[in-house]
>>> print(open('entry-v4.txt').read())   # compact mmCIF, C-alpha atoms
# COMPACT_ATOMS: atom_id res chain seq x y z
CA MET A 269 33.94 56.66 17.14
CA ARG A 270 36.08 53.64 16.35
CA ALA A 271 37.17 52.96 12.78
CA ASP A 272 35.20 49.70 12.62
CA ASP A 273 32.05 51.49 13.88
CA THR A 274 32.47 54.06 11.11
CA SER A 275 32.83 51.26 8.56
CA GLU A 276 29.63 49.52 9.75
CA ALA A 277 27.71 52.78 9.62
CA ALA A 278 28.90 53.35 6.06
CA ASP A 279 27.84 49.86 5.04
CA ARG A 280 24.34 50.42 6.46
CA ALA A 281 24.10 53.73 4.62
CA ASP A 282 25.17 52.12 1.32
CA ASN A 283 22.90 49.11 1.58
CA GLY A 284 19.94 50.88 3.12
CA PRO A 285 17.71 49.36 5.82
CA SER A 286 17.25 45.62 5.56
CA ALA A 287 13.87 44.67 4.13
CA PRO A 288 11.58 42.66 6.40
CA CYS A 289 11.21 39.00 5.42
CA PRO A 290 7.90 38.41 3.72
CA SER A 291 5.62 36.14 5.72
CA LYS A 292 5.36 32.65 4.27
CA ARG A 293 1.77 31.60 3.82
CA ALA A 294 0.68 28.18 2.70
CA ARG A 295 -0.46 28.03 -0.90
CA PRO A 296 -4.28 27.97 -0.97
CA LEU A 297 -5.44 24.54 -2.04
CA PRO A 298 -8.30 23.81 -4.43
CA PRO A 299 -11.40 22.55 -2.56
CA ASP A 300 -10.87 18.87 -3.47
CA GLU A 301 -7.23 18.95 -2.35
CA ARG A 302 -8.11 20.76 0.88
CA ARG A 303 -10.80 18.16 1.61
CA ALA A 304 -8.36 15.31 0.93
CA ALA A 305 -5.68 16.92 3.12
CA LEU A 306 -8.10 17.29 6.04
CA ILE A 307 -9.24 13.67 5.68
CA ALA A 308 -5.61 12.45 5.55
CA ALA A 309 -4.84 14.39 8.73
CA THR A 310 -7.98 13.09 10.45
CA LEU A 311 -7.58 9.35 9.82
CA PRO A 312 -4.60 8.64 12.13
CA LEU A 313 -6.11 10.85 14.85
CA VAL A 314 -9.45 9.06 14.73
CA SER A 315 -7.62 5.71 14.89
CA GLU A 316 -5.88 6.94 18.05
CA TYR A 317 -8.56 9.00 19.81
CA GLY A 318 -11.80 7.81 18.23
CA THR A 319 -14.65 10.28 17.97
CA LYS A 320 -13.22 12.25 20.91
CA VAL A 321 -10.59 13.80 18.64
CA SER A 322 -10.97 17.58 18.60
CA THR A 323 -11.10 19.86 15.58
CA ARG A 324 -8.16 21.70 17.11
CA GLN A 325 -6.06 18.52 16.96
CA ILE A 326 -7.12 17.95 13.36
CA ALA A 327 -6.31 21.54 12.38
CA GLU A 328 -2.84 21.30 13.96
CA ALA A 329 -2.16 18.02 12.17
CA ALA A 330 -3.30 19.49 8.85
CA GLY A 331 -1.39 22.74 9.40
CA VAL A 332 -4.46 24.94 8.99
CA ALA A 333 -6.58 27.24 11.11
CA GLU A 334 -9.41 25.50 12.93
CA GLY A 335 -11.97 27.58 11.05
CA THR A 336 -10.74 26.11 7.77
CA ILE A 337 -12.31 22.78 8.72
CA PHE A 338 -15.77 24.32 8.89
CA ARG A 339 -15.39 25.92 5.50
CA VAL A 340 -15.05 22.41 4.07
CA PHE A 341 -17.20 20.29 6.40
CA PRO A 342 -20.32 21.43 8.28
CA ASP A 343 -19.18 19.79 11.54
CA LYS A 344 -16.69 17.36 13.04
CA ASP A 345 -18.98 14.35 12.61
CA SER A 346 -19.16 14.96 8.86
CA LEU A 347 -15.38 15.04 8.66
CA ILE A 348 -15.04 11.81 10.65
CA GLN A 349 -17.67 10.12 8.46
CA ALA A 350 -15.80 11.20 5.32
CA ALA A 351 -12.54 9.89 6.81
CA VAL A 352 -14.11 6.50 7.60
CA SER A 353 -15.58 6.27 4.09
CA THR A 354 -12.16 7.01 2.63
CA ALA A 355 -10.54 4.32 4.78
CA LEU A 356 -13.13 1.79 3.59
CA ASP A 357 -12.63 2.66 -0.08
CA PRO A 358 -10.79 -0.30 -1.65
CA THR A 359 -9.56 1.58 -4.74
CA GLU A 360 -6.01 2.24 -3.54
CA PRO A 361 -5.22 -1.22 -2.08
CA LEU A 362 -6.69 -2.89 -5.16
CA ALA A 363 -4.38 -0.81 -7.36
CA GLU A 364 -1.39 -1.75 -5.15
CA LEU A 365 -2.32 -5.42 -5.35
CA ALA A 366 -2.66 -5.26 -9.12
CA ALA A 367 0.78 -3.65 -9.34
CA VAL A 368 2.63 -6.56 -7.67
CA ASP A 369 5.21 -7.83 -10.17
CA LEU A 370 4.33 -11.28 -11.52
CA ALA A 371 8.00 -11.78 -12.43
CA LEU A 372 8.95 -11.95 -8.74
CA PRO A 373 9.54 -15.38 -7.18
CA LEU A 374 6.37 -16.90 -5.73
CA ARG A 375 7.21 -16.37 -2.05
CA GLU A 376 8.36 -12.79 -2.58
CA ARG A 377 5.32 -12.04 -4.74
CA LEU A 378 2.88 -13.33 -2.12
CA THR A 379 4.71 -11.59 0.73
CA GLU A 380 4.36 -8.24 -1.01
CA ALA A 381 0.66 -8.89 -1.65
CA ALA A 382 0.09 -10.00 1.96
CA GLY A 383 1.70 -6.77 3.17
CA VAL A 384 -0.66 -4.67 1.04
CA MET A 385 -3.75 -6.51 2.27
CA GLN A 386 -2.64 -6.63 5.89
CA ARG A 387 -1.95 -2.89 6.10
CA ARG A 388 -5.45 -2.15 4.85
CA LEU A 389 -7.10 -4.74 7.07
CA ILE A 390 -5.39 -3.62 10.27
CA GLY A 391 -5.98 0.05 9.46
CA VAL A 392 -9.69 -0.46 8.84
CA ILE A 393 -10.26 -2.66 11.90
CA ASN A 394 -8.36 -0.33 14.25
CA LEU A 395 -10.34 2.61 12.90
CA LEU A 396 -13.69 0.86 13.41
CA ILE A 397 -12.74 -0.21 16.93
CA ALA A 398 -11.65 3.34 17.75
CA ILE A 399 -15.01 4.80 16.73
CA GLY A 400 -16.87 2.09 18.63
CA VAL A 401 -18.22 -0.14 15.87
CA HIS A 402 -17.24 -3.72 15.09
CA SER A 403 -18.21 -3.79 11.43
CA PRO A 404 -18.50 -1.16 8.70
CA PRO A 405 -21.56 1.10 9.17
CA VAL A 406 -24.50 -0.15 7.11
CA PRO A 407 -26.66 2.39 5.26
CA LYS A 408 -30.42 2.13 4.88
CA ASP A 409 -30.22 0.28 1.55
CA HIS A 410 -28.74 -2.84 3.13
CA GLU A 411 -28.79 -5.11 0.07
CA GLU A 412 -27.21 -2.53 -2.22
CA TYR A 413 -24.52 -1.95 0.39
CA ARG A 414 -23.77 -5.69 0.68
CA SER A 415 -23.44 -5.85 -3.10
CA SER A 416 -21.02 -2.93 -3.08
CA LEU A 417 -18.84 -4.79 -0.54
CA ARG A 418 -18.98 -8.07 -2.46
CA ALA A 419 -17.41 -6.65 -5.60
CA PRO A 420 -14.08 -5.52 -4.05
CA ARG A 421 -13.82 -8.76 -2.04
CA GLU A 422 -14.24 -10.80 -5.19
CA ARG A 423 -11.71 -8.58 -6.96
CA ILE A 424 -9.17 -9.17 -4.18
CA LEU A 425 -9.62 -12.94 -4.60
CA GLU A 426 -9.24 -12.60 -8.37
CA LEU A 427 -6.02 -10.59 -8.06
CA THR A 428 -4.64 -13.02 -5.49
CA ALA A 429 -5.43 -15.96 -7.79
CA ASP A 430 -3.66 -14.12 -10.62
CA LEU A 431 -0.55 -13.86 -8.44
CA LEU A 432 -0.68 -17.60 -7.79
CA ARG A 433 -1.41 -18.69 -11.35
CA PRO A 434 2.18 -18.63 -12.74
CA ASP A 435 3.03 -21.36 -10.17
CA GLN A 436 -0.27 -23.23 -10.16
CA ASP A 437 1.46 -26.54 -10.86
CA GLN A 438 2.97 -26.39 -7.34
CA PHE A 439 -0.42 -26.44 -5.56
CA ARG A 440 -2.67 -29.33 -4.57
CA TYR A 441 -5.73 -27.09 -4.95
CA PRO A 442 -6.98 -24.72 -7.65
CA VAL A 443 -5.50 -21.23 -7.37
CA GLU A 444 -8.94 -19.82 -6.47
CA GLU A 445 -9.06 -22.06 -3.39
CA VAL A 446 -5.46 -21.22 -2.46
CA ALA A 447 -6.36 -17.52 -2.72
CA ARG A 448 -9.32 -18.07 -0.38
CA LEU A 449 -7.11 -19.92 2.11
CA MET A 450 -4.62 -17.07 2.01
CA GLN A 451 -7.40 -14.59 2.82
CA LEU A 452 -8.54 -16.70 5.78
CA ILE A 453 -5.01 -16.96 7.20
CA LEU A 454 -4.38 -13.28 6.60
CA PHE A 455 -7.59 -12.19 8.33
CA SER A 456 -7.17 -14.38 11.40
CA GLY A 457 -3.45 -13.60 11.58
CA SER A 458 -3.98 -9.85 11.35
CA HIS A 459 -7.16 -9.04 13.30
CA PRO A 460 -6.10 -7.16 16.46
CA LEU A 461 -8.68 -8.92 18.65
CA ILE A 462 -7.67 -12.37 17.41
CA THR A 463 -3.91 -11.83 17.52
CA GLU A 464 -4.03 -9.89 20.82
CA GLY A 465 -2.02 -7.11 19.21
CA ARG A 466 0.65 -9.44 17.77
CA PRO A 467 -0.24 -9.89 14.10
CA LEU A 468 1.63 -12.42 12.01
CA PRO A 469 4.13 -10.70 9.72
CA PRO A 470 3.44 -11.12 5.99
CA GLU A 471 6.42 -13.49 5.67
CA LYS A 472 4.91 -15.83 8.26
CA ILE A 473 1.46 -15.71 6.67
CA VAL A 474 2.98 -16.78 3.36
CA ALA A 475 5.13 -19.45 5.02
CA LEU A 476 2.06 -20.90 6.73
CA LEU A 477 0.19 -20.94 3.42
CA LEU A 478 2.97 -22.50 1.37
CA ASP A 479 4.73 -24.70 3.93
CA GLY A 480 2.28 -25.41 6.74
CA VAL A 481 3.70 -26.04 10.21
CA ARG A 482 5.21 -29.52 9.83
CA GLN A 483 8.78 -30.34 8.98
CA HIS A 484 9.02 -31.70 5.46
CA HIS A 485 10.05 -35.34 5.12
CA PRO A 486 11.08 -37.27 2.02
CA GLU A 487 8.07 -39.58 2.31
CA GLN A 488 5.65 -36.66 2.52
CA PRO A 489 3.58 -36.50 -0.73
>>> encode(input="entry-v4.txt", output="structure tokens")
Amino acid sequence: MRADDTSEAADRADNGPSAPCPSKRARPLPPDERRAALIAATLPLVSEYGTKVSTRQIAEAAGVAEGTIFRVFPDKDSLIQAAVSTALDPTEPLAELAAVDLALPLRERLTEAAGVMQRRLIGVINLLIAIGVHSPPVPKDHEEYRSSLRAPRERILELTADLLRPDQDQFRYPVEEVARLMQLILFSGSHPLITEGRPLPPEKIVALLLDGVRQHHPEQP
């Protein structure tokens, strides 16, 4: 036996057999967190594949066993419905809109707000197109549902008007009307079927709102 072989054998004897590495298992999540994680993994897949997405694809995206899905949701349709409801929930974008800094310059302030609203709008529309509907699904209580949609829309207009108010002396119209015009431009400039897949960037939406399309001339009022 060579000297180095003898040395290695001695080292193994001193240190003992190497312990096997413990398997790394994901920390079990509380039910609400597991549900949210599955919905978050499902949304982009539904936007890409529609209702044809498989539970196997969802499980792989969420990093869980396929059976885990059915311990949280009774079937795939229930998971997709929960994902769509989450996408339609305006709570998060409203909070982002409310967080836009009023101290920013007007153009920068509106560009940030337009980006928030456009991301939500495009995400929701693409999702609805992917699942084969052209408007949010309407429950049996139609009037109550319409009322529930009206409130967040009105809140978006209010928050947009608040962003305009520090510079209201620059506008020819009341800030509420300017906010409405911004929503109209944003919707038509972002809808995938109107823009043919080429939405206006937020900077251009704001430029169109504030500057129009004409060159400015000294005689222009």
>>> closest_residue(input="entry-v4.txt", among="A:Leu378, A:Leu452, A:Ala447, A:Ile348", to="A:Ala475", atoms="all atoms listed in the file")
A:Leu378
>>> closest_residue(input="entry-v4.txt", among="A:Arg303, A:Arg377, A:Lys472, A:Arg388", to="A:His459", atoms="all atoms listed in the file")
A:Arg388
>>> atom_distance(input="entry-v4.txt", atom1="atom CA of A:Gly383", atom2="atom CA of A:Pro469")
8.0 Å
>>> axis_aligned_box(input="entry-v4.txt", around="stretch 454-457 of chain A", padding_each_side="4 Å", output="AutoDock Vina command-line options")
--center_x -5.5 --center_y -13.3 --center_z 9.1 --size_x 12.1 --size_y 10.2 --size_z 13.0
>>> residues_around(input="entry-v4.txt", residues="A:Ala330", least_positions_apart="6", cutoff="7 Å", atoms="all atoms listed in the file", output="list in words")
Ala305, Leu306 and Ala309 of chain A
>>> residues_near_point(input="entry-v4.txt", point="(-15.4, 9.2, 18.0)", cutoff="9 Å", atoms="all atoms listed in the file", output="PyMOL selection string")
chain A and resi 314+317-321+345+348+398-400
>>> atom_distance(input="entry-v4.txt", atom1="atom CA of A:Glu444", atom2="atom CA of A:Thr354")
28.5 Å
>>> residues_around(input="entry-v4.txt", residues="A:Ile326", least_positions_apart="3", cutoff="6 Å", atoms="all atoms listed in the file", output="PyMOL selection string")
chain A and resi 310+323+329
>>> closest_residue(input="entry-v4.txt", among="A:Met385, A:Ala304, A:Leu372, A:Leu365", to="A:Leu347", atoms="only C-alpha atoms")
A:Ala304
>>> atom_distance(input="entry-v4.txt", atom1="atom CA of A:Arg421", atom2="atom CA of A:Val446")
15.0 Å
>>> closest_residue(input="entry-v4.txt", among="A:Ile462, A:Leu374, A:Val384, A:Ile390", to="A:Glu360", atoms="all atoms listed in the file")
A:Val384
>>> closest_residue(input="entry-v4.txt", among="A:Pro373, A:Pro361, A:Pro296, A:Pro467", to="A:Thr336", atoms="all atoms listed in the file")
A:Pro296
>>> decode(input="entry-v4.txt", residues="stretch 439-453 of chain A", atoms="all heavy atoms", output="PDB file, in the first residue's frame")
ATOM      1  N   PHE A 439     -54.714  72.757 -16.710  1.00  0.00           N
ATOM      2  CA  PHE A 439     -55.676  72.065 -17.565  1.00  0.00           C
ATOM      3  C   PHE A 439     -56.834  72.970 -17.977  1.00  0.00           C
ATOM      4  O   PHE A 439     -57.245  73.849 -17.224  1.00  0.00           O
ATOM      5  CB  PHE A 439     -56.234  70.822 -16.850  1.00  0.00           C
ATOM      6  CG  PHE A 439     -55.173  69.881 -16.369  1.00  0.00           C
ATOM      7  CD1 PHE A 439     -55.070  69.570 -15.016  1.00  0.00           C
ATOM      8  CD2 PHE A 439     -54.261  69.316 -17.249  1.00  0.00           C
ATOM      9  CE1 PHE A 439     -54.084  68.709 -14.561  1.00  0.00           C
ATOM     10  CE2 PHE A 439     -53.277  68.458 -16.800  1.00  0.00           C
ATOM     11  CZ  PHE A 439     -53.185  68.149 -15.453  1.00  0.00           C
ATOM     12  N   ARG A 440     -57.353  72.719 -19.170  1.00  0.00           N
ATOM     13  CA  ARG A 440     -58.519  73.456 -19.661  1.00  0.00           C
ATOM     14  C   ARG A 440     -59.822  72.863 -19.135  1.00  0.00           C
ATOM     15  O   ARG A 440     -60.886  73.460 -19.303  1.00  0.00           O
ATOM     16  CB  ARG A 440     -58.541  73.430 -21.195  1.00  0.00           C
ATOM     17  CG  ARG A 440     -57.456  74.277 -21.839  1.00  0.00           C
ATOM     18  CD  ARG A 440     -57.620  74.293 -23.335  1.00  0.00           C
ATOM     19  NE  ARG A 440     -57.358  72.984 -23.927  1.00  0.00           N
ATOM     20  CZ  ARG A 440     -57.879  72.564 -25.060  1.00  0.00           C
ATOM     21  NH1 ARG A 440     -58.729  73.333 -25.722  1.00  0.00           N
ATOM     22  NH2 ARG A 440     -57.568  71.386 -25.556  1.00  0.00           N
ATOM     23  N   TYR A 441     -59.746  71.673 -18.553  1.00  0.00           N
ATOM     24  CA  TYR A 441     -60.929  70.977 -18.053  1.00  0.00           C
ATOM     25  C   TYR A 441     -60.741  70.656 -16.573  1.00  0.00           C
ATOM     26  O   TYR A 441     -59.619  70.615 -16.075  1.00  0.00           O
ATOM     27  CB  TYR A 441     -61.163  69.673 -18.823  1.00  0.00           C
ATOM     28  CG  TYR A 441     -61.262  69.843 -20.315  1.00  0.00           C
ATOM     29  CD1 TYR A 441     -60.204  69.484 -21.150  1.00  0.00           C
ATOM     30  CD2 TYR A 441     -62.420  70.356 -20.900  1.00  0.00           C
ATOM     31  CE1 TYR A 441     -60.291  69.637 -22.521  1.00  0.00           C
ATOM     32  CE2 TYR A 441     -62.517  70.508 -22.279  1.00  0.00           C
ATOM     33  CZ  TYR A 441     -61.447  70.149 -23.081  1.00  0.00           C
ATOM     34  OH  TYR A 441     -61.535  70.314 -24.442  1.00  0.00           O
ATOM     35  N   PRO A 442     -61.825  70.389 -15.870  1.00  0.00           N
ATOM     36  CA  PRO A 442     -61.704  69.958 -14.469  1.00  0.00           C
ATOM     37  C   PRO A 442     -60.904  68.654 -14.383  1.00  0.00           C
ATOM     38  O   PRO A 442     -60.908  67.852 -15.323  1.00  0.00           O
ATOM     39  CB  PRO A 442     -63.159  69.745 -14.029  1.00  0.00           C
ATOM     40  CG  PRO A 442     -63.973  70.536 -14.988  1.00  0.00           C
ATOM     41  CD  PRO A 442     -63.232  70.530 -16.286  1.00  0.00           C
ATOM     42  N   VAL A 443     -60.236  68.449 -13.268  1.00  0.00           N
ATOM     43  CA  VAL A 443     -59.380  67.264 -13.149  1.00  0.00           C
ATOM     44  C   VAL A 443     -60.181  65.970 -13.280  1.00  0.00           C
ATOM     45  O   VAL A 443     -59.658  64.957 -13.761  1.00  0.00           O
ATOM     46  CB  VAL A 443     -58.598  67.267 -11.810  1.00  0.00           C
ATOM     47  CG1 VAL A 443     -57.550  68.357 -11.804  1.00  0.00           C
ATOM     48  CG2 VAL A 443     -59.541  67.385 -10.620  1.00  0.00           C
ATOM     49  N   GLU A 444     -61.468  65.985 -12.897  1.00  0.00           N
ATOM     50  CA  GLU A 444     -62.287  64.780 -13.038  1.00  0.00           C
ATOM     51  C   GLU A 444     -62.459  64.404 -14.507  1.00  0.00           C
ATOM     52  O   GLU A 444     -62.434  63.219 -14.857  1.00  0.00           O
ATOM     53  CB  GLU A 444     -63.657  64.994 -12.383  1.00  0.00           C
ATOM     54  CG  GLU A 444     -63.640  65.124 -10.866  1.00  0.00           C
ATOM     55  CD  GLU A 444     -63.181  66.501 -10.392  1.00  0.00           C
ATOM     56  OE1 GLU A 444     -63.099  67.429 -11.236  1.00  0.00           O
ATOM     57  OE2 GLU A 444     -62.921  66.643  -9.179  1.00  0.00           O
ATOM     58  N   GLU A 445     -62.620  65.425 -15.363  1.00  0.00           N
ATOM     59  CA  GLU A 445     -62.765  65.153 -16.798  1.00  0.00           C
ATOM     60  C   GLU A 445     -61.434  64.727 -17.398  1.00  0.00           C
ATOM     61  O   GLU A 445     -61.387  63.835 -18.259  1.00  0.00           O
ATOM     62  CB  GLU A 445     -63.296  66.400 -17.508  1.00  0.00           C
ATOM     63  CG  GLU A 445     -63.422  66.261 -19.017  1.00  0.00           C
ATOM     64  CD  GLU A 445     -64.421  65.194 -19.441  1.00  0.00           C
ATOM     65  OE1 GLU A 445     -65.181  64.686 -18.591  1.00  0.00           O
ATOM     66  OE2 GLU A 445     -64.434  64.863 -20.641  1.00  0.00           O
ATOM     67  N   VAL A 446     -60.337  65.325 -16.960  1.00  0.00           N
ATOM     68  CA  VAL A 446     -59.015  64.914 -17.449  1.00  0.00           C
ATOM     69  C   VAL A 446     -58.733  63.469 -17.043  1.00  0.00           C
ATOM     70  O   VAL A 446     -58.187  62.680 -17.821  1.00  0.00           O
ATOM     71  CB  VAL A 446     -57.915  65.846 -16.904  1.00  0.00           C
ATOM     72  CG1 VAL A 446     -56.538  65.397 -17.403  1.00  0.00           C
ATOM     73  CG2 VAL A 446     -58.173  67.290 -17.333  1.00  0.00           C
ATOM     74  N   ALA A 447     -59.137  63.083 -15.838  1.00  0.00           N
ATOM     75  CA  ALA A 447     -58.964  61.704 -15.387  1.00  0.00           C
ATOM     76  C   ALA A 447     -59.759  60.746 -16.263  1.00  0.00           C
ATOM     77  O   ALA A 447     -59.283  59.660 -16.617  1.00  0.00           O
ATOM     78  CB  ALA A 447     -59.402  61.567 -13.927  1.00  0.00           C
ATOM     79  N   ARG A 448     -60.984  61.146 -16.634  1.00  0.00           N
ATOM     80  CA  ARG A 448     -61.810  60.303 -17.508  1.00  0.00           C
ATOM     81  C   ARG A 448     -61.175  60.166 -18.889  1.00  0.00           C
ATOM     82  O   ARG A 448     -61.143  59.080 -19.475  1.00  0.00           O
ATOM     83  CB  ARG A 448     -63.222  60.890 -17.619  1.00  0.00           C
ATOM     84  CG  ARG A 448     -64.240  59.960 -18.267  1.00  0.00           C
ATOM     85  CD  ARG A 448     -65.588  60.637 -18.373  1.00  0.00           C
ATOM     86  NE  ARG A 448     -65.610  61.596 -19.461  1.00  0.00           N
ATOM     87  CZ  ARG A 448     -65.893  61.290 -20.738  1.00  0.00           C
ATOM     88  NH1 ARG A 448     -66.175  60.038 -21.070  1.00  0.00           N
ATOM     89  NH2 ARG A 448     -65.903  62.218 -21.662  1.00  0.00           N
ATOM     90  N   LEU A 449     -60.660  61.273 -19.420  1.00  0.00           N
ATOM     91  CA  LEU A 449     -59.990  61.220 -20.723  1.00  0.00           C
ATOM     92  C   LEU A 449     -58.761  60.307 -20.676  1.00  0.00           C
ATOM     93  O   LEU A 449     -58.502  59.559 -21.618  1.00  0.00           O
ATOM     94  CB  LEU A 449     -59.586  62.634 -21.148  1.00  0.00           C
ATOM     95  CG  LEU A 449     -60.736  63.582 -21.503  1.00  0.00           C
ATOM     96  CD1 LEU A 449     -60.202  64.996 -21.727  1.00  0.00           C
ATOM     97  CD2 LEU A 449     -61.471  63.088 -22.736  1.00  0.00           C
ATOM     98  N   MET A 450     -58.034  60.371 -19.568  1.00  0.00           N
ATOM     99  CA  MET A 450     -56.864  59.505 -19.431  1.00  0.00           C
ATOM    100  C   MET A 450     -57.268  58.033 -19.448  1.00  0.00           C
ATOM    101  O   MET A 450     -56.611  57.200 -20.076  1.00  0.00           O
ATOM    102  CB  MET A 450     -56.119  59.836 -18.136  1.00  0.00           C
ATOM    103  CG  MET A 450     -54.860  58.992 -17.932  1.00  0.00           C
ATOM    104  SD  MET A 450     -53.912  59.543 -16.494  1.00  0.00           S
ATOM    105  CE  MET A 450     -52.619  58.283 -16.462  1.00  0.00           C
ATOM    106  N   GLN A 451     -58.393  57.707 -18.779  1.00  0.00           N
ATOM    107  CA  GLN A 451     -58.875  56.328 -18.778  1.00  0.00           C
ATOM    108  C   GLN A 451     -59.265  55.876 -20.186  1.00  0.00           C
ATOM    109  O   GLN A 451     -58.982  54.734 -20.580  1.00  0.00           O
ATOM    110  CB  GLN A 451     -60.080  56.202 -17.843  1.00  0.00           C
ATOM    111  CG  GLN A 451     -59.748  56.338 -16.374  1.00  0.00           C
ATOM    112  CD  GLN A 451     -58.837  55.225 -15.889  1.00  0.00           C
ATOM    113  OE1 GLN A 451     -59.092  54.054 -16.138  1.00  0.00           O
ATOM    114  NE2 GLN A 451     -57.752  55.575 -15.221  1.00  0.00           N
ATOM    115  N   LEU A 452     -59.902  56.740 -20.937  1.00  0.00           N
ATOM    116  CA  LEU A 452     -60.312  56.393 -22.298  1.00  0.00           C
ATOM    117  C   LEU A 452     -59.095  56.135 -23.191  1.00  0.00           C
ATOM    118  O   LEU A 452     -59.059  55.169 -23.959  1.00  0.00           O
ATOM    119  CB  LEU A 452     -61.179  57.504 -22.891  1.00  0.00           C
ATOM    120  CG  LEU A 452     -62.555  57.700 -22.239  1.00  0.00           C
ATOM    121  CD1 LEU A 452     -63.241  58.940 -22.817  1.00  0.00           C
ATOM    122  CD2 LEU A 452     -63.420  56.464 -22.447  1.00  0.00           C
ATOM    123  N   ILE A 453     -58.104  57.007 -23.101  1.00  0.00           N
ATOM    124  CA  ILE A 453     -56.882  56.830 -23.899  1.00  0.00           C
ATOM    125  C   ILE A 453     -56.161  55.555 -23.473  1.00  0.00           C
ATOM    126  O   ILE A 453     -55.690  54.774 -24.313  1.00  0.00           O
ATOM    127  CB  ILE A 453     -55.949  58.046 -23.762  1.00  0.00           C
ATOM    128  CG1 ILE A 453     -56.625  59.301 -24.307  1.00  0.00           C
ATOM    129  CG2 ILE A 453     -54.625  57.797 -24.478  1.00  0.00           C
ATOM    130  CD1 ILE A 453     -55.873  60.595 -23.986  1.00  0.00           C
TER     131      ILE A 453
END
